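Down below is the structure, laid out as structure tokens.
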Amino acid sequence: MNKNNFAKTPPMGWNSYDYYDTTVTEADIKKNADYMAANLLQYGYEYVVADIEWYAYDAGTKRDKHQYIPFSQFEMDEFSRLFPCLDRFPSTADGNGFKPLADYIHGLGLKFGIHIMRGIPRMAAHMHSAVKGSTQTANEIANPYNICPWNPDMYGLLPNEEGSQKYYDSLLELYAEWGVDLIKCDDICRMDMPSAKEEIKMLHKAIEKCGRPIVLSLSPGPALPTEAWTYEKHANMWRITDDLWDNWESLLHMFERCEIWQNHVSEGNWPDCDMLPVGYLGKGFGKERKSNLTLAEQQTMLTLWCIFRSPIMLGCELTKLDDETLAILTNQDVLRLLSHSQGARQIVRDKKHAVWCTKSTEDNTVYVALFNLSEEAANVSLSFEELSASGYEITGRHAVELWSKKTLAPADNELSCEIEAHGTRLFRFM
């Protein structure tokens with residue numbers, strides 16, 4: 001199978017992490033899936049992703065001391081493969097795994113994804129558990145010196161052991177049986193562990209063998225530009241930043257990161273700007289809050305993600321979205337850039353403003369996004385001569401601004417407008 005057929009456009013959906021942290025339950029996932037099917041599916045949002053530690057008992061009960069409880073109890077089968085925690089996912093009883101939940105989500109017209117950690121459970125290595133299809137046991141393929149620095153659940157694998165590939169093969173065989181459509185593999189993207197690069201390759205091989213088109217997403221970032229070829233060959237999404245939260249400084253930094261990765265965006269290959277921290281966040285972290293991003297900053301974020309063509313994953317509690325935020329997330333004219341544009345470039349960036357341009361895949365339409373990066377309202381302008389010199393020819397001077405829906409008056413030599421602090425204007429030139 002060709003991995004580029006798995007995600008021809010940037011995947012869009014919801015991930016449980018920003019709101020639920022390690023505590024998400026089957027009921028939580030179902031209510032967010034129900035909301036997505038009713039309110040977001042028509043705009044392209046389709047993936048529902050259960051994030052970290054869905055296999056752990058007592059997850060989140062010691063949040064004042066540990067995000068991930070050391071040596072906690074996991075649900076695991078005889079082949080060293082983690083299964084969903086029965087307390088939180090009751091439909092997984094009797095060996096069902098995630099199949100009943102995946103079936104429910106598929107029945108809504110959506111797709112189902114899960115988070116995994118790189119490697120094999122430490123508990124399996126300590127118990128010398130079996131590896132399906134291999135004569136080696138978990139302890140023989142695990143590297144006890146290869147441990148994620150922030151999550152204690154797993155040992156990295158020894159890439160040269162035959163059982164290591166067999167273990168990943170057995171994982172993807174199981175996930176295919178469950179009906180998983182996307183896996184987000186953590187502690188792997190930035191390759192700061194010795195086996196991470198080889199484990200990316202092993203995951204890719206296992207997906208090719210499993211018989212199901214499963215999107216491979218790599219976390220956390222920042223991804224390494226020197227390894228762009230590895231990501232493009234073996235994965236569909238790779239994080240270009242560490243966890244992104246709801247503050248302007250983090251969002252501002254993404255203009256530089258997107259510029260670094262703009263030449264590596266192509267069908268099936270999506271540098272990932274991370275989840276959008278909008279709406280209500282943080283319940284699983286101990287304190288629910290509304291996003292600190294202003295509405296102008298949220299428009300800026302969605303504009304940058306869409307013109308760059310990043311995956312769009314929401315991290316909030318969907319059922320608590322307010323009308324203003326929902327209107328931003330469902331602007332069809334802006335979201336259309338994800339599937340009907342190509343060749344985006346950042347042609348201007350300094351401390352005060354940035355300009356991104358891209359072209360339609362269907363006609364001669366050119367899109368221009370002006371961003372005010374300063375702390376106060378300011379005029380942002382771009383000459384048509386500079387636009388042409390950057391390879392973006394426009395035949396007319398009439399444009400529609402895609403957030404306000406207003407038509408821009410004709411201009412002879414430049415595009416210019418007043419923009420609020422941290423805000424944006426996105427123009428479509430026909």
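Labeling convention for the structure tokens: chains A, B, ... as they appear, residues from 1 per chain, ligands from 1 in order of appearance.
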Q | Non-local contacts of A:Glu198 (10 Å; only C-alpha atoms; under 5 positions in same chain excluded) as number ranges by chain | A | A: 157-160, 188, 191, 203-204, 230
Output C-alpha atoms for every residue in that selection, as a PDB file, in the first residue's frame.
```
ATOM      1  CA  LEU A 157      13.192  -1.655  21.319  1.00  0.00           C
ATOM      2  CA  LEU A 158      16.465  -3.135  20.123  1.00  0.00           C
ATOM      3  CA  PRO A 159      16.187  -2.580  16.342  1.00  0.00           C
ATOM      4  CA  ASN A 160      18.467  -5.449  15.351  1.00  0.00           C
ATOM      5  CA  ILE A 188       9.700   9.272  18.595  1.00  0.00           C
ATOM      6  CA  MET A 191      14.689  11.279  17.648  1.00  0.00           C
ATOM      7  CA  LEU A 203       6.124   1.086  12.452  1.00  0.00           C
ATOM      8  CA  HIS A 204       5.898   1.956   8.765  1.00  0.00           C
ATOM      9  CA  THR A 230      12.844  10.003   6.867  1.00  0.00           C
TER      10      THR A 230
END
```
Contacts of stretch 297-398 of chain A with stretch 12-32 of chain A up to 8 Å, shortest pair per row, only C-alpha atoms, as a Markdown table:
```
| residue | atom | partner | partner_atom | distance |
| --- | --- | --- | --- | --- |
| A:Pro311 | CA | A:Met12 | CA | 5.8 |
| A:Ile312 | CA | A:Met12 | CA | 4.6 |
| A:Met313 | CA | A:Gly13 | CA | 4.7 |
| A:Leu314 | CA | A:Trp14 | CA | 4.6 |
| A:Gly315 | CA | A:Asp18 | CA | 4.8 |
| A:Cys316 | CA | A:Tyr19 | CA | 5.3 |
| A:Glu317 | CA | A:Tyr19 | CA | 6.1 |
| A:Leu318 | CA | A:Asn32 | CA | 5.7 |
| A:Thr319 | CA | A:Asn32 | CA | 6.5 |
```
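Closest to A:Ser416 among A:Trp238, A:Trp403, A:Phe371, A:Phe285 is A:Phe371, based on only C-alpha atoms.
With atom CA of A:Asn39 on one side and atom CA of A:Leu295 on the other, the separation reads 19.9 Å.
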Q: For A:Arg345, please output as a PyMOL selection string all residues within 7 Å (counting only C-alpha atoms; exclusion window: fewer than 6 positions along the same chain).
A: chain A and resi 262+356-358
